[in-house]
Each structure stands twice: as structure tokens, then as C-alpha cells.
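Peer 1: Pasting start_13.txt below, which is compact mmCIF, N, CA and C atoms.
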# COMPACT_ATOMS: atom_id res chain seq x y z
N MET A 2 45.49 -43.98 -37.53
CA MET A 2 44.18 -44.26 -38.02
C MET A 2 44.06 -43.66 -39.42
N THR A 3 43.36 -44.36 -40.28
CA THR A 3 43.24 -43.94 -41.68
C THR A 3 41.78 -43.89 -42.07
N ALA A 4 41.39 -42.81 -42.73
CA ALA A 4 40.02 -42.64 -43.21
C ALA A 4 39.96 -42.95 -44.70
N VAL A 5 39.14 -43.92 -45.06
CA VAL A 5 38.85 -44.20 -46.46
C VAL A 5 37.55 -43.47 -46.76
N VAL A 6 37.68 -42.21 -47.17
CA VAL A 6 36.52 -41.37 -47.44
C VAL A 6 36.09 -41.65 -48.88
N GLN A 7 34.86 -42.13 -49.02
CA GLN A 7 34.40 -42.59 -50.32
C GLN A 7 33.03 -42.00 -50.63
N VAL A 8 32.87 -41.55 -51.88
CA VAL A 8 31.59 -41.14 -52.42
C VAL A 8 31.45 -41.84 -53.76
N ASP A 9 30.44 -42.70 -53.87
CA ASP A 9 30.25 -43.54 -55.05
C ASP A 9 31.51 -44.37 -55.28
N ASP A 10 32.12 -44.28 -56.48
CA ASP A 10 33.31 -45.09 -56.75
C ASP A 10 34.60 -44.29 -56.60
N ARG A 11 34.51 -43.12 -56.00
CA ARG A 11 35.69 -42.26 -55.86
C ARG A 11 36.12 -42.15 -54.40
N PHE A 12 37.44 -42.06 -54.24
CA PHE A 12 38.06 -41.97 -52.92
C PHE A 12 38.76 -40.63 -52.78
N LEU A 13 38.75 -40.10 -51.57
CA LEU A 13 39.43 -38.85 -51.29
C LEU A 13 40.89 -39.13 -50.95
N VAL A 14 41.80 -38.49 -51.67
CA VAL A 14 43.22 -38.53 -51.33
C VAL A 14 43.67 -37.10 -51.07
N ALA A 15 44.71 -36.97 -50.26
CA ALA A 15 45.22 -35.66 -49.89
C ALA A 15 46.73 -35.63 -50.07
N ARG A 16 47.23 -34.52 -50.60
CA ARG A 16 48.68 -34.37 -50.76
C ARG A 16 49.22 -33.74 -49.47
N GLN A 17 50.14 -34.45 -48.85
CA GLN A 17 50.68 -34.05 -47.56
C GLN A 17 51.76 -32.99 -47.71
N ARG A 18 51.70 -32.01 -46.83
CA ARG A 18 52.67 -30.92 -46.90
C ARG A 18 54.09 -31.39 -46.58
N ASP A 19 54.26 -32.29 -45.61
CA ASP A 19 55.62 -32.68 -45.20
C ASP A 19 56.35 -33.49 -46.26
N SER A 20 55.65 -34.35 -46.98
CA SER A 20 56.32 -35.22 -47.96
C SER A 20 56.01 -34.86 -49.41
N GLY A 21 54.90 -34.14 -49.63
CA GLY A 21 54.45 -33.86 -50.98
C GLY A 21 53.76 -35.04 -51.64
N LEU A 22 53.66 -36.16 -50.92
CA LEU A 22 53.04 -37.37 -51.46
C LEU A 22 51.54 -37.38 -51.20
N TRP A 23 50.83 -38.09 -52.07
CA TRP A 23 49.40 -38.29 -51.88
C TRP A 23 49.18 -39.45 -50.91
N SER A 24 48.17 -39.32 -50.09
CA SER A 24 47.86 -40.35 -49.12
C SER A 24 46.38 -40.26 -48.76
N LEU A 25 45.98 -41.06 -47.81
CA LEU A 25 44.65 -40.98 -47.24
C LEU A 25 44.73 -40.13 -45.98
N VAL A 26 43.63 -39.54 -45.58
CA VAL A 26 43.59 -38.68 -44.40
C VAL A 26 43.63 -39.54 -43.14
N GLY A 27 44.29 -39.05 -42.12
CA GLY A 27 44.32 -39.77 -40.85
C GLY A 27 45.42 -39.26 -39.97
N GLY A 28 45.73 -40.05 -38.94
CA GLY A 28 46.78 -39.62 -38.03
C GLY A 28 46.91 -40.55 -36.85
N SER A 29 47.52 -40.04 -35.81
CA SER A 29 47.87 -40.84 -34.64
C SER A 29 46.84 -40.71 -33.52
N ILE A 30 46.92 -41.67 -32.62
CA ILE A 30 46.07 -41.68 -31.43
C ILE A 30 46.76 -40.88 -30.34
N GLU A 31 46.01 -40.00 -29.69
CA GLU A 31 46.55 -39.27 -28.55
C GLU A 31 46.41 -40.14 -27.30
N PRO A 32 47.23 -39.90 -26.28
CA PRO A 32 47.16 -40.71 -25.06
C PRO A 32 45.73 -40.77 -24.50
N GLY A 33 45.28 -41.99 -24.20
CA GLY A 33 43.96 -42.21 -23.64
C GLY A 33 42.82 -42.20 -24.63
N GLU A 34 43.11 -41.98 -25.90
CA GLU A 34 42.08 -41.87 -26.93
C GLU A 34 41.79 -43.23 -27.55
N GLU A 35 40.53 -43.49 -27.84
CA GLU A 35 40.13 -44.71 -28.54
C GLU A 35 40.41 -44.54 -30.04
N PRO A 36 40.69 -45.65 -30.76
CA PRO A 36 41.02 -45.55 -32.18
C PRO A 36 39.98 -44.81 -33.03
N GLU A 37 38.71 -45.16 -32.89
CA GLU A 37 37.70 -44.50 -33.72
C GLU A 37 37.57 -43.02 -33.37
N ALA A 38 37.69 -42.68 -32.10
CA ALA A 38 37.65 -41.27 -31.70
C ALA A 38 38.83 -40.51 -32.30
N ALA A 39 40.00 -41.14 -32.35
CA ALA A 39 41.17 -40.51 -32.96
C ALA A 39 40.93 -40.25 -34.44
N LEU A 40 40.34 -41.21 -35.12
CA LEU A 40 40.03 -41.05 -36.54
C LEU A 40 39.10 -39.86 -36.75
N LEU A 41 38.02 -39.81 -35.99
CA LEU A 41 37.05 -38.72 -36.15
C LEU A 41 37.69 -37.37 -35.88
N ARG A 42 38.54 -37.29 -34.86
CA ARG A 42 39.24 -36.04 -34.54
C ARG A 42 40.19 -35.64 -35.66
N GLU A 43 41.00 -36.59 -36.13
CA GLU A 43 41.98 -36.30 -37.18
C GLU A 43 41.30 -35.81 -38.47
N VAL A 44 40.21 -36.47 -38.86
CA VAL A 44 39.51 -36.05 -40.08
C VAL A 44 38.95 -34.65 -39.93
N ARG A 45 38.35 -34.37 -38.78
CA ARG A 45 37.80 -33.03 -38.55
C ARG A 45 38.92 -31.98 -38.55
N GLU A 46 40.07 -32.31 -37.94
CA GLU A 46 41.19 -31.37 -37.92
C GLU A 46 41.74 -31.11 -39.32
N GLU A 47 41.87 -32.17 -40.12
CA GLU A 47 42.52 -32.04 -41.43
C GLU A 47 41.58 -31.55 -42.53
N LEU A 48 40.31 -31.96 -42.48
CA LEU A 48 39.36 -31.61 -43.55
C LEU A 48 38.33 -30.57 -43.13
N GLY A 49 38.15 -30.39 -41.82
CA GLY A 49 37.17 -29.42 -41.35
C GLY A 49 35.74 -29.88 -41.41
N VAL A 50 35.51 -31.17 -41.64
CA VAL A 50 34.15 -31.72 -41.68
C VAL A 50 34.10 -33.03 -40.89
N PRO A 51 32.93 -33.33 -40.32
CA PRO A 51 32.80 -34.63 -39.67
C PRO A 51 32.54 -35.73 -40.69
N VAL A 52 32.83 -36.95 -40.28
CA VAL A 52 32.51 -38.12 -41.10
C VAL A 52 31.76 -39.13 -40.24
N ALA A 53 31.01 -39.99 -40.91
CA ALA A 53 30.36 -41.12 -40.24
C ALA A 53 31.17 -42.36 -40.58
N VAL A 54 31.51 -43.14 -39.57
CA VAL A 54 32.25 -44.38 -39.78
C VAL A 54 31.27 -45.46 -40.21
N ARG A 55 31.59 -46.16 -41.29
CA ARG A 55 30.72 -47.19 -41.86
C ARG A 55 31.33 -48.58 -41.77
N GLY A 56 32.42 -48.72 -41.03
CA GLY A 56 33.03 -50.03 -40.85
C GLY A 56 34.54 -49.96 -41.00
N ILE A 57 35.17 -51.10 -40.78
CA ILE A 57 36.62 -51.20 -40.89
C ILE A 57 36.97 -51.89 -42.20
N VAL A 58 37.86 -51.28 -42.97
CA VAL A 58 38.35 -51.87 -44.22
C VAL A 58 39.41 -52.92 -43.90
N GLY A 59 40.33 -52.60 -42.97
CA GLY A 59 41.38 -53.55 -42.61
C GLY A 59 42.43 -52.90 -41.74
N ALA A 60 43.40 -53.72 -41.34
CA ALA A 60 44.55 -53.25 -40.57
C ALA A 60 45.79 -53.46 -41.42
N TYR A 61 46.71 -52.50 -41.40
CA TYR A 61 47.85 -52.50 -42.31
C TYR A 61 49.13 -52.18 -41.57
N GLY A 62 50.22 -52.80 -41.98
CA GLY A 62 51.53 -52.57 -41.40
C GLY A 62 52.58 -53.14 -42.33
N GLY A 63 53.75 -53.44 -41.80
CA GLY A 63 54.81 -54.03 -42.60
C GLY A 63 55.73 -53.00 -43.21
N ALA A 64 56.53 -53.46 -44.17
CA ALA A 64 57.58 -52.63 -44.76
C ALA A 64 57.06 -51.33 -45.37
N ALA A 65 55.86 -51.36 -45.95
CA ALA A 65 55.32 -50.17 -46.59
C ALA A 65 55.01 -49.05 -45.60
N LEU A 66 54.89 -49.39 -44.32
CA LEU A 66 54.59 -48.39 -43.30
C LEU A 66 55.77 -48.15 -42.36
N GLU A 67 56.98 -48.35 -42.87
CA GLU A 67 58.18 -48.05 -42.09
C GLU A 67 58.69 -46.66 -42.48
N THR A 68 59.33 -46.01 -41.53
CA THR A 68 59.89 -44.70 -41.80
C THR A 68 61.17 -44.50 -41.00
N SER A 69 61.99 -43.59 -41.46
CA SER A 69 63.22 -43.24 -40.74
C SER A 69 63.13 -41.80 -40.26
N TYR A 70 63.63 -41.57 -39.07
CA TYR A 70 63.66 -40.23 -38.51
C TYR A 70 65.05 -39.62 -38.71
N PRO A 71 65.15 -38.28 -38.64
CA PRO A 71 66.44 -37.63 -38.84
C PRO A 71 67.55 -38.14 -37.92
N ASN A 72 67.20 -38.64 -36.73
CA ASN A 72 68.22 -39.14 -35.81
C ASN A 72 68.68 -40.55 -36.15
N GLY A 73 68.11 -41.14 -37.22
CA GLY A 73 68.50 -42.47 -37.65
C GLY A 73 67.59 -43.58 -37.17
N ASP A 74 66.70 -43.29 -36.23
CA ASP A 74 65.75 -44.31 -35.77
C ASP A 74 64.84 -44.73 -36.91
N ARG A 75 64.61 -46.03 -37.02
CA ARG A 75 63.69 -46.57 -38.02
C ARG A 75 62.58 -47.28 -37.27
N VAL A 76 61.33 -46.96 -37.61
CA VAL A 76 60.18 -47.54 -36.92
C VAL A 76 59.14 -47.99 -37.94
N GLY A 77 58.26 -48.86 -37.49
CA GLY A 77 57.14 -49.30 -38.31
C GLY A 77 55.84 -48.91 -37.64
N TYR A 78 54.85 -48.63 -38.44
CA TYR A 78 53.53 -48.24 -37.94
C TYR A 78 52.50 -49.28 -38.33
N VAL A 79 51.42 -49.31 -37.58
CA VAL A 79 50.23 -50.10 -37.91
C VAL A 79 49.09 -49.10 -37.97
N THR A 80 48.22 -49.24 -38.97
CA THR A 80 47.06 -48.37 -39.06
C THR A 80 45.81 -49.20 -39.29
N ILE A 81 44.72 -48.72 -38.76
CA ILE A 81 43.41 -49.31 -39.02
C ILE A 81 42.72 -48.37 -39.99
N ALA A 82 42.25 -48.91 -41.12
CA ALA A 82 41.56 -48.10 -42.12
C ALA A 82 40.06 -48.26 -41.94
N TYR A 83 39.39 -47.13 -41.74
CA TYR A 83 37.94 -47.10 -41.54
C TYR A 83 37.26 -46.55 -42.79
N ARG A 84 36.19 -47.20 -43.22
CA ARG A 84 35.37 -46.68 -44.32
C ARG A 84 34.54 -45.54 -43.76
N CYS A 85 34.60 -44.37 -44.40
CA CYS A 85 33.93 -43.18 -43.88
C CYS A 85 33.08 -42.50 -44.95
N GLU A 86 32.02 -41.87 -44.48
CA GLU A 86 31.17 -41.07 -45.34
C GLU A 86 31.20 -39.64 -44.82
N PRO A 87 31.58 -38.67 -45.67
CA PRO A 87 31.67 -37.29 -45.19
C PRO A 87 30.29 -36.65 -45.05
N ALA A 88 30.14 -35.78 -44.04
CA ALA A 88 28.90 -35.03 -43.87
C ALA A 88 28.77 -33.98 -44.97
N SER A 89 29.91 -33.56 -45.51
CA SER A 89 29.96 -32.54 -46.56
C SER A 89 31.24 -32.73 -47.35
N THR A 90 31.24 -32.27 -48.59
CA THR A 90 32.48 -32.30 -49.37
C THR A 90 33.05 -30.88 -49.51
N ASP A 91 32.54 -29.97 -48.71
CA ASP A 91 33.04 -28.60 -48.67
C ASP A 91 34.14 -28.54 -47.60
N PHE A 92 35.33 -29.00 -47.98
CA PHE A 92 36.42 -29.16 -47.03
C PHE A 92 37.12 -27.83 -46.74
N ALA A 93 37.60 -27.70 -45.50
CA ALA A 93 38.44 -26.58 -45.08
C ALA A 93 39.75 -27.21 -44.62
N LEU A 94 40.70 -27.33 -45.53
CA LEU A 94 41.94 -28.05 -45.26
C LEU A 94 42.80 -27.37 -44.20
N GLU A 95 43.46 -28.20 -43.40
CA GLU A 95 44.45 -27.71 -42.43
C GLU A 95 45.73 -27.44 -43.21
N PRO A 96 46.06 -26.16 -43.48
CA PRO A 96 47.18 -25.84 -44.37
C PRO A 96 48.55 -26.28 -43.87
N SER A 97 48.71 -26.49 -42.57
CA SER A 97 50.01 -26.94 -42.08
C SER A 97 50.24 -28.42 -42.36
N GLU A 98 49.17 -29.15 -42.72
CA GLU A 98 49.29 -30.58 -42.97
C GLU A 98 49.02 -30.98 -44.41
N LEU A 99 48.05 -30.32 -45.05
CA LEU A 99 47.63 -30.74 -46.39
C LEU A 99 47.78 -29.61 -47.40
N ILE A 100 48.19 -29.99 -48.62
CA ILE A 100 48.32 -29.02 -49.71
C ILE A 100 47.03 -28.95 -50.51
N GLU A 101 46.48 -30.12 -50.82
CA GLU A 101 45.27 -30.19 -51.64
C GLU A 101 44.66 -31.57 -51.49
N THR A 102 43.40 -31.68 -51.94
CA THR A 102 42.73 -32.98 -51.98
C THR A 102 42.25 -33.23 -53.40
N ARG A 103 41.94 -34.48 -53.66
CA ARG A 103 41.46 -34.87 -54.98
C ARG A 103 40.60 -36.13 -54.83
N TRP A 104 39.55 -36.22 -55.62
CA TRP A 104 38.72 -37.43 -55.67
C TRP A 104 39.25 -38.29 -56.81
N VAL A 105 39.54 -39.55 -56.52
CA VAL A 105 40.11 -40.46 -57.52
C VAL A 105 39.40 -41.81 -57.47
N THR A 106 39.44 -42.50 -58.59
CA THR A 106 39.01 -43.90 -58.60
C THR A 106 40.22 -44.76 -58.24
N GLN A 107 39.99 -46.02 -58.00
CA GLN A 107 41.11 -46.91 -57.69
C GLN A 107 42.10 -46.92 -58.86
N ALA A 108 41.60 -46.88 -60.09
CA ALA A 108 42.47 -46.90 -61.27
C ALA A 108 43.32 -45.63 -61.36
N ASP A 109 42.79 -44.50 -60.93
CA ASP A 109 43.51 -43.22 -61.00
C ASP A 109 44.74 -43.18 -60.10
N ILE A 110 44.72 -43.94 -59.04
CA ILE A 110 45.75 -43.82 -58.00
C ILE A 110 47.15 -44.13 -58.55
N ALA A 111 47.24 -45.00 -59.54
CA ALA A 111 48.54 -45.38 -60.10
C ALA A 111 49.29 -44.19 -60.69
N GLY A 112 48.57 -43.16 -61.11
CA GLY A 112 49.21 -42.00 -61.71
C GLY A 112 49.68 -40.95 -60.73
N LEU A 113 49.50 -41.19 -59.44
CA LEU A 113 49.88 -40.21 -58.42
C LEU A 113 51.17 -40.61 -57.71
N ASP A 114 51.97 -39.62 -57.35
CA ASP A 114 53.15 -39.84 -56.52
C ASP A 114 52.63 -39.99 -55.09
N ARG A 115 52.62 -41.22 -54.58
CA ARG A 115 51.86 -41.52 -53.37
C ARG A 115 52.63 -42.43 -52.42
N HIS A 116 52.10 -42.53 -51.22
CA HIS A 116 52.55 -43.57 -50.29
C HIS A 116 51.97 -44.88 -50.82
N ARG A 117 52.83 -45.85 -51.11
CA ARG A 117 52.40 -47.09 -51.77
C ARG A 117 51.42 -47.93 -50.96
N TRP A 118 51.45 -47.80 -49.64
CA TRP A 118 50.57 -48.63 -48.82
C TRP A 118 49.10 -48.33 -49.07
N ILE A 119 48.78 -47.15 -49.59
CA ILE A 119 47.36 -46.86 -49.82
C ILE A 119 46.78 -47.70 -50.95
N ASP A 120 47.64 -48.25 -51.83
CA ASP A 120 47.15 -49.13 -52.89
C ASP A 120 46.40 -50.32 -52.30
N ASP A 121 47.00 -50.95 -51.29
CA ASP A 121 46.36 -52.11 -50.65
C ASP A 121 45.06 -51.72 -49.96
N VAL A 122 45.06 -50.56 -49.32
CA VAL A 122 43.86 -50.11 -48.62
C VAL A 122 42.72 -49.90 -49.61
N LEU A 123 43.00 -49.20 -50.71
CA LEU A 123 41.95 -48.94 -51.69
C LEU A 123 41.49 -50.21 -52.39
N GLU A 124 42.41 -51.13 -52.65
CA GLU A 124 42.04 -52.41 -53.24
C GLU A 124 41.07 -53.15 -52.31
N ASP A 125 41.39 -53.17 -51.03
CA ASP A 125 40.50 -53.82 -50.06
C ASP A 125 39.17 -53.08 -49.93
N ALA A 126 39.20 -51.76 -50.00
CA ALA A 126 37.96 -50.98 -49.91
C ALA A 126 37.02 -51.29 -51.07
N VAL A 127 37.58 -51.44 -52.26
CA VAL A 127 36.76 -51.80 -53.43
C VAL A 127 36.24 -53.22 -53.28
N ARG A 128 37.11 -54.12 -52.88
CA ARG A 128 36.75 -55.54 -52.75
C ARG A 128 35.67 -55.77 -51.69
N THR A 129 35.69 -55.01 -50.61
CA THR A 129 34.76 -55.23 -49.50
C THR A 129 33.61 -54.23 -49.47
N ALA A 130 33.44 -53.47 -50.56
CA ALA A 130 32.38 -52.45 -50.58
C ALA A 130 31.01 -53.10 -50.35
N PRO A 131 30.17 -52.40 -49.57
CA PRO A 131 28.83 -52.96 -49.29
C PRO A 131 27.96 -53.02 -50.53
Show me the file's structure as C-alpha cells.
Peer 2:
Amino acid sequence: MTAVVQVDDRFLVARQRDSGLWSLVGGSIEPGEEPEAALLREVREELGVPVAVRGIVGAYGGAALETSYPNGDRVGYVTIAYRCEPASTDFALEPSELIETRWVTQADIAGLDRHRWIDDVLEDAVRTAP
């Protein structure tokens, strides 16, 4: 699940500790968990604040969301990106997962060392903004 946290024309991106790359906040569904509940849990765990879900931006998968594991297994992921509004911007980052956060415009994203799939998500978020 992916959170598109937006305030005005700026989006929240986070630099991940494991890869050092910039991405959107989110994570996996735990057994028995509904997708939106997983999103809300992941955002609270990673940012320390609740968010309100304002709709679905889109579903994403394909080559940009493939990864390889140390044992050689290669897998692909699918994520649902939800448009979110934070209750606060006073974040308490989960240090084992995130290094830092930054507010960026869609144009700013090109200058960051990032997971490329977020480009499509942010493009869709701008295009479908209420």
C-alpha cells in the first residue's frame, strides 16, 4: 500500500534506510488485514501521525515494481496508491525504516535518487487532483 501524502501542490517523499532511495510512504498488508487498514497502520508506524484517506490514485505494478532477493528469487509487487491528508506534519520518523522526509512538487522529483515507479503515481495524483 502506498500513501500519496499531499499538502497543496507538494507531496511527501521519504528516503528509505534499506536502499537510500526516495519513495512514498507505505508497506505491506499483514495476514487478515484490509488494504486501507494496512495503509493507515503503515503510515502511523513510519511517520508517527494518522492520515485521512481521500480516495485512490491508482494501482501500480509491472517492471518498475520488481525486485530481487539475496537468494536469487525475483518477484513483482502490486501497490494501491491512496491520496492521503495528514492530521499533522510534525512527523516522528521510524528510524529503522526512514532516514528523512521532504516535501516536493512533481517537478522536484526528477532531481532525487528515487524509485522510478513513484513518477507515475505522482503524475496520476496531479492529473486526478480534486
Peer 1: Hey, can you check how far atom C of Ile100 of chain A sits from atom CA of Gln17 of chain A?
Peer 2: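 Computed distance, atom C of Ile100 of chain A to atom CA of Gln17 of chain A, equals 6.9 Å.
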Peer 1: Could you check the closest approach to Phe92 of chain A for each of A:Ala39, A:Val26, A:Leu48, A:Met2 and tell me which residue wins, using all atoms listed in the file?
Peer 2: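 Result for the nearest residue to Phe92 of chain A: A:Leu48.
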Peer 1: What lies within 10 Å of Ala111 of chain A using only C-alpha atoms, ignoring chain neighbours under 5 positions off, as JSON, numbers by chain?
Peer 2: {"A": [106, 117, 120]}
Peer 1: Of the candidates A:Glu35, A:Asp121, A:Glu101, A:Glu47, which shows the shortest atom-to-atom distance to Ala82 of chain A, using only C-alpha atoms?
Peer 2: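 Going through A:Glu35, A:Asp121, A:Glu101, A:Glu47 one by one, the smallest distance to Ala82 of chain A is for A:Asp121.
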Peer 1: So which one's closest to Arg103 of chain A, A:Val44, A:Val50, A:Ala15, A:Ala4? Using all atoms listed in the file, please.
Peer 2: A:Ala15
Peer 1: Can you list, as a list in words, every protein, DNA or RNA residue that comes within 8 Å of Leu113 of chain A when you count all atoms listed in the file, leaving out same-chain residues fewer than 4 positions away?
Peer 2: Leu22, Trp23, Ala108 and Asp109 of chain A
